[in-house]
Amino acid sequence: MRLSDPIFTTLDPDQRRAVLHDAGPLLLVAGAGSGKTRAIVARIVRLIRDGVPARSILGITFTNRAAGEMRERVAKALAPGVESSIGDVLARSFDRAPGTTEVPWLGTFHAFGAILLRRHGGRIGLSPRFVIYDARDQHDVLKRILKELNVDEKKFPPTKFAWLIERAKRDGVSVEQAALSAGWRVVTTAGQVGKAYDDALVEAGAVDFTDLIRLPVTLLRGAPDVLTEVRSEVRHLLVDEFQDVDGAQAELTALLAGGADSFCAVGDEDQSIYGWRGASAEPMLLFERRFPGAKVIHLSTNYRSRAAILSVAGALISKNRSRREKTILPAREGGELPAVAVYADQEAEAQEVAAAAAREIRGGVAPTEIAVFYRVNAQSRAIEDALRMLRIPYVLRGALSFYERAAVRDAVSYLKWFLHPDDAVSLKRLLKFPRRGVGEVTLNKAREAARREGIPPSEALARIPNLAPLFSFRTLWLEELPQMSPAEALHALLKGAGYLDALEAAAREPGEGREGAGREEDLEHVRELFRVAETFPGAGEDGLLEFLEKVTLAADEAGGEESEAVRLMTLHNAKGLEFDVVFLVGLEDGLLPHSRSLDSPHDIEEERRLLYVGLTRARERAFLSLARRRNLFGSYRETVPSRFLYDLPASLMRRTDGALPEPARPGKGFSGAPPPDHRMRLYGEPRYEDAEPSGRPRKVRHPVFGEGKIEAVEGEGNDRKVIARFPVYGLKKILVRAVTMEFFE
DNA sequence: CCCCCGTCAGCTGGT
DNA sequence: CTGACGGGGG
């Protein structure tokens, strides 16, 4: 093996050990900015240089974006100069060898699951032509079911059932069991809904996102020969963001790892931010127990952020209890301490952030190196308005992606329905435009007839006069399909079904306000979809399914990646990225931490990790801010500074203006209690983290004062105070709920 | 069947 | 303030 390649010579000793790790399980604990991706890429390249067939390496990531980046970097290292064209080919290299360089398979759990099911799904009764239902499709199915079963949608909205069904699949239990363990009272109904949902998906020939993980597990467990075959292909396994795997993903990982020559899991429990979706850092924390003989390597040098930023991030995350203590060594000294600014309202906050961004750009920072992070998508609007005002270009990431646009969804519905005429959800959508004079009533009649006669719904539907042209065109289209490329097939379909003509006519219509303009945009979106389809090779159903799958799974490819614009995104979206300058807005209780997390210490810790993730994205500067008043549902409410600000050692924080909330002790900055008006809450009454000492602690560790001896305790519940003596600061009375402190013997 | 309009409830987060 | 839904008329 040649280790003279720069991809190896630039590694630090820990990274090098991870790259050279030979066989067996390896847990790579990779803190923020520790060169994780670089290590993974180098490891893959190292394996290939050592003669491991590229196609026997499987690398699983969480997002398409991460997979794409890794693909690019591996491709670049393997075949310099051919970079991005290979990137696309790589995406599909698992199924058939492309004519280019042999490359490893890199993709998301969901994409991998889809490939497995395409190939072997028949073993569990799944058609290889299945389509994938996304959250929206799922929602529509559930709505229909709830109506049919006469479930009160007000009390039990479709989203609740979606959550329940997802949870059941994730945990590998029945929907009844999931309802029971979630404390639902309507367990039987939940079971009925679950059953009806399953039936609807089977009828439509569809699987949902969770199925893409659950069904492969079922498959590999139930078919030993398939397991053997898959294992013979996957010799080296890598799983990124291992702290965020859910139950089903952990099972799938274990099944694959069980037969692999090497298994490298990479993660950082301090960046686990998907607990709400069933993710758990447990598989990571229990790694050595689950994989006996596992090696553990820590990457503890942070190459990204200035020391000043890391000191604040480190102080913050150390307030979390459920974590393993670890060292993070800054490779980049100095830097500016993150500042906290308080503004009158969200508009003022947004304007100042925009102005500061403008200053950064004038100072030579590229717009692409500036990011604004917020907790919820709704916060973006104020920032957008302010940026537009100053004519600063920006891109939203992950908000409404291209594939969620109405027209794109229309087009995709046509495609799904043409492949599966029993797909009720897609049919309902496509009947909205152009109008065909068929609605809910007619559809239900046909469905009823089908049930009576014991025929598939589509047969009864074909008898509806207004739908006859659609059905006969479909027959024609299916005949032609084997000869058509995905782009041709899509175009022929939308043309023949009358969608394209209707859309063009609507776009041409004299711009009556929003109607005409909106349609023009829709047409442009459909054209863009054609362009995407053109990048897909092959012909017939296979090519089309591949295209469809990409469109459904690629939620995070909103485009605009190259544009010279400031990036706006949620904190969840920020993971894995880095910027020179980062703005973190809305540091208010109820927002960050979010109101839905306030009553659980466990959830609060996840929110704290979210802020930690945000802070550690910054290379040079981070600016934190909050608004004292925020507009919610049309009216302004007073806010309370985020409790996390009080986690940050006062000595580390730089304050930017005089409008800070009154510190409890003058001169101590953010070390004191929150301001006294904590009854005025953004989202109702908060419940503070239970910082109640357990047993009879005699000592306390305070973020600013350090270790102190407890002299007395007074007050109850929310008012509980500890009086403790600290080495330097002397006697202090501290409101327990206000500061995260550690109590011990 | 479809469109319009008034009413009402709602904002985590993502594949 | 925005989007979803239900009722009523064309």
# chains A, B, ... in the order shown; residues from 1 in each chain; ligands from 1

call {"tool": "interface_residues", "arguments": {"of": "chain A", "to": "chain B", "cutoff": "10 Å", "atoms": "only C-alpha atoms (C1' of nucleotides)", "output": "NGL selection string"}}
result
:A and (62-64 or 108-111 or 134-135 or 154 or 209-210 or 212 or 273-277 or 375-379 or 398 or 435-442 or 552-556 or 570-573 or 591-592 or 594-597 or 632-633)

call {"tool": "residues_around", "arguments": {"residues": "Arg235 of chain A", "least_positions_apart": "3", "cutoff": "8 Å", "atoms": "only C-alpha atoms (C1' of nucleotides)", "output": "PyMOL selection string"}}
result
chain A and resi 56-58+231-232+259-262

call {"tool": "write_last_selection", "arguments": {"atoms": "N, CA, C and O atoms", "output": "PDB file, in the first residue's frame"}}
result
ATOM      1  N   SER A  56     -17.286  -4.401  -2.818  1.00  0.00           N
ATOM      2  CA  SER A  56     -17.594  -5.131  -1.587  1.00  0.00           C
ATOM      3  C   SER A  56     -17.576  -4.205  -0.374  1.00  0.00           C
ATOM      4  O   SER A  56     -17.679  -4.645   0.756  1.00  0.00           O
ATOM      5  N   ILE A  57     -17.430  -2.912  -0.643  1.00  0.00           N
ATOM      6  CA  ILE A  57     -17.464  -1.927   0.450  1.00  0.00           C
ATOM      7  C   ILE A  57     -18.812  -1.219   0.437  1.00  0.00           C
ATOM      8  O   ILE A  57     -19.257  -0.720  -0.592  1.00  0.00           O
ATOM      9  N   LEU A  58     -19.457  -1.203   1.577  1.00  0.00           N
ATOM     10  CA  LEU A  58     -20.736  -0.508   1.700  1.00  0.00           C
ATOM     11  C   LEU A  58     -20.613   0.577   2.761  1.00  0.00           C
ATOM     12  O   LEU A  58     -20.289   0.300   3.913  1.00  0.00           O
ATOM     13  N   ARG A 231     -24.350 -10.912   2.554  1.00  0.00           N
ATOM     14  CA  ARG A 231     -23.118 -10.851   3.325  1.00  0.00           C
ATOM     15  C   ARG A 231     -21.893 -11.144   2.477  1.00  0.00           C
ATOM     16  O   ARG A 231     -20.815 -10.610   2.720  1.00  0.00           O
ATOM     17  N   SER A 232     -22.066 -12.013   1.492  1.00  0.00           N
ATOM     18  CA  SER A 232     -20.917 -12.324   0.645  1.00  0.00           C
ATOM     19  C   SER A 232     -20.533 -11.115  -0.195  1.00  0.00           C
ATOM     20  O   SER A 232     -19.403 -10.987  -0.648  1.00  0.00           O
ATOM     21  N   GLY A 259     -21.543 -10.453   9.162  1.00  0.00           N
ATOM     22  CA  GLY A 259     -20.821 -11.261   8.194  1.00  0.00           C
ATOM     23  C   GLY A 259     -19.657 -10.546   7.552  1.00  0.00           C
ATOM     24  O   GLY A 259     -19.005 -11.078   6.658  1.00  0.00           O
ATOM     25  N   ALA A 260     -19.395  -9.327   7.982  1.00  0.00           N
ATOM     26  CA  ALA A 260     -18.392  -8.521   7.293  1.00  0.00           C
ATOM     27  C   ALA A 260     -16.983  -8.742   7.826  1.00  0.00           C
ATOM     28  O   ALA A 260     -16.803  -9.128   8.974  1.00  0.00           O
ATOM     29  N   ASP A 261     -15.999  -8.512   6.976  1.00  0.00           N
ATOM     30  CA  ASP A 261     -14.605  -8.595   7.422  1.00  0.00           C
ATOM     31  C   ASP A 261     -14.296  -7.460   8.373  1.00  0.00           C
ATOM     32  O   ASP A 261     -13.577  -7.620   9.338  1.00  0.00           O
ATOM     33  N   SER A 262     -14.820  -6.291   8.061  1.00  0.00           N
ATOM     34  CA  SER A 262     -14.634  -5.168   8.983  1.00  0.00           C
ATOM     35  C   SER A 262     -15.907  -4.353   9.055  1.00  0.00           C
ATOM     36  O   SER A 262     -16.682  -4.320   8.107  1.00  0.00           O
TER      37      SER A 262
END

call {"tool": "closest_atom_pairs", "arguments": {"of": "chain C", "to": "chain A", "cutoff": "12 Å", "atoms": "only C-alpha atoms (C1' of nucleotides)", "output": "CSV"}}
result
residue,atom,partner,partner_atom,distance
C:DC1,C1',A:Gly634,CA,5.1
C:DT2,C1',A:Phe633,CA,8.8
C:DC5,C1',A:Lys154,CA,11.3

call {"tool": "write_last_selection", "arguments": {"atoms": "N, CA and C atoms (P, O5', C5', C4', C3', O3' and C1' of nucleotides)", "output": "PDB file, in the first residue's frame"}}
result
ATOM      1  P    DC C   1     -52.424  40.074   9.666  1.00  0.00           P
ATOM      2  O5'  DC C   1     -51.360  39.169   8.925  1.00  0.00           O
ATOM      3  C5'  DC C   1     -50.199  38.762   9.649  1.00  0.00           C
ATOM      4  C4'  DC C   1     -49.739  37.389   9.189  1.00  0.00           C
ATOM      5  C3'  DC C   1     -50.446  36.858   7.937  1.00  0.00           C
ATOM      6  O3'  DC C   1     -49.483  36.253   7.089  1.00  0.00           O
ATOM      7  C1'  DC C   1     -50.701  35.318   9.718  1.00  0.00           C
ATOM      8  P    DT C   2     -49.822  35.549   5.730  1.00  0.00           P
ATOM      9  O5'  DT C   2     -49.849  34.062   6.270  1.00  0.00           O
ATOM     10  C5'  DT C   2     -48.805  33.154   5.946  1.00  0.00           C
ATOM     11  C4'  DT C   2     -49.315  31.746   6.103  1.00  0.00           C
ATOM     12  C3'  DT C   2     -50.107  31.253   4.887  1.00  0.00           C
ATOM     13  O3'  DT C   2     -49.392  30.164   4.325  1.00  0.00           O
ATOM     14  C1'  DT C   2     -51.283  30.839   6.938  1.00  0.00           C
ATOM     15  P    DC C   5     -57.769  19.064   5.716  1.00  0.00           P
ATOM     16  O5'  DC C   5     -59.104  19.812   6.143  1.00  0.00           O
ATOM     17  C5'  DC C   5     -59.390  20.022   7.524  1.00  0.00           C
ATOM     18  C4'  DC C   5     -60.802  20.522   7.647  1.00  0.00           C
ATOM     19  C3'  DC C   5     -61.807  19.761   6.776  1.00  0.00           C
ATOM     20  O3'  DC C   5     -62.999  19.559   7.510  1.00  0.00           O
ATOM     21  C1'  DC C   5     -61.872  22.057   6.238  1.00  0.00           C
TER      22       DC C   5
END

call {"tool": "select_by_dssp", "arguments": {"residues": "segment 218-359 of chain A", "states": "strand (DSSP E or B)", "output": "PyMOL selection string"}}
result
chain A and resi 236-239+246+262-267+279+295-299+301-306+329-332+339-345

call {"tool": "select_by_dssp", "arguments": {"residues": "segment 433-578 of chain A", "states": "alpha helix (DSSP H)", "output": "VMD selection string"}}
result
chain A and resid 440 to 453 457 to 461 468 to 480 486 to 496 499 to 508 514 to 534 540 to 553 571 to 574

call {"tool": "residues_around", "arguments": {"residues": "segment 192-200 of chain A", "least_positions_apart": "3", "cutoff": "8 Å", "atoms": "only C-alpha atoms (C1' of nucleotides)", "output": "NGL selection string"}}
result
:A and (141-142 or 145-146 or 149 or 161 or 165 or 175 or 188-189 or 203-204)

call {"tool": "write_last_selection", "arguments": {"atoms": "N, CA and C atoms", "output": "PDB file, in the first residue's frame"}}
result
ATOM      1  N   VAL A 141     -53.168   8.693   2.756  1.00  0.00           N
ATOM      2  CA  VAL A 141     -53.728   7.360   2.987  1.00  0.00           C
ATOM      3  C   VAL A 141     -54.439   7.318   4.335  1.00  0.00           C
ATOM      4  N   LEU A 142     -53.741   7.797   5.339  1.00  0.00           N
ATOM      5  CA  LEU A 142     -54.302   7.735   6.690  1.00  0.00           C
ATOM      6  C   LEU A 142     -55.579   8.542   6.799  1.00  0.00           C
ATOM      7  N   ILE A 145     -58.358   6.526   5.474  1.00  0.00           N
ATOM      8  CA  ILE A 145     -58.669   5.430   6.387  1.00  0.00           C
ATOM      9  C   ILE A 145     -59.457   5.924   7.598  1.00  0.00           C
ATOM     10  N   LEU A 146     -59.037   7.024   8.159  1.00  0.00           N
ATOM     11  CA  LEU A 146     -59.711   7.555   9.340  1.00  0.00           C
ATOM     12  C   LEU A 146     -61.160   7.909   9.018  1.00  0.00           C
ATOM     13  N   LEU A 149     -63.094   4.652   8.782  1.00  0.00           N
ATOM     14  CA  LEU A 149     -63.307   3.995  10.068  1.00  0.00           C
ATOM     15  C   LEU A 149     -64.023   4.897  11.067  1.00  0.00           C
ATOM     16  N   PHE A 161     -51.265   8.961  14.009  1.00  0.00           N
ATOM     17  CA  PHE A 161     -51.201   7.569  13.582  1.00  0.00           C
ATOM     18  C   PHE A 161     -49.935   7.296  12.788  1.00  0.00           C
ATOM     19  N   ILE A 165     -47.493   4.328  13.729  1.00  0.00           N
ATOM     20  CA  ILE A 165     -47.151   3.272  12.787  1.00  0.00           C
ATOM     21  C   ILE A 165     -45.639   3.234  12.556  1.00  0.00           C
ATOM     22  N   VAL A 175     -48.863  -2.574  15.731  1.00  0.00           N
ATOM     23  CA  VAL A 175     -49.360  -1.229  16.013  1.00  0.00           C
ATOM     24  C   VAL A 175     -50.097  -1.200  17.351  1.00  0.00           C
ATOM     25  N   THR A 188     -57.454  -0.673  20.183  1.00  0.00           N
ATOM     26  CA  THR A 188     -58.095  -1.466  19.135  1.00  0.00           C
ATOM     27  C   THR A 188     -58.208  -0.673  17.843  1.00  0.00           C
ATOM     28  N   THR A 189     -58.679   0.558  17.985  1.00  0.00           N
ATOM     29  CA  THR A 189     -58.778   1.416  16.817  1.00  0.00           C
ATOM     30  C   THR A 189     -57.417   1.574  16.151  1.00  0.00           C
ATOM     31  N   GLU A 203     -52.168  -2.716  -1.554  1.00  0.00           N
ATOM     32  CA  GLU A 203     -53.004  -2.508  -2.736  1.00  0.00           C
ATOM     33  C   GLU A 203     -52.346  -1.549  -3.721  1.00  0.00           C
ATOM     34  N   ALA A 204     -51.738  -0.503  -3.168  1.00  0.00           N
ATOM     35  CA  ALA A 204     -51.112   0.496  -4.024  1.00  0.00           C
ATOM     36  C   ALA A 204     -49.737   0.054  -4.519  1.00  0.00           C
TER      37      ALA A 204
END
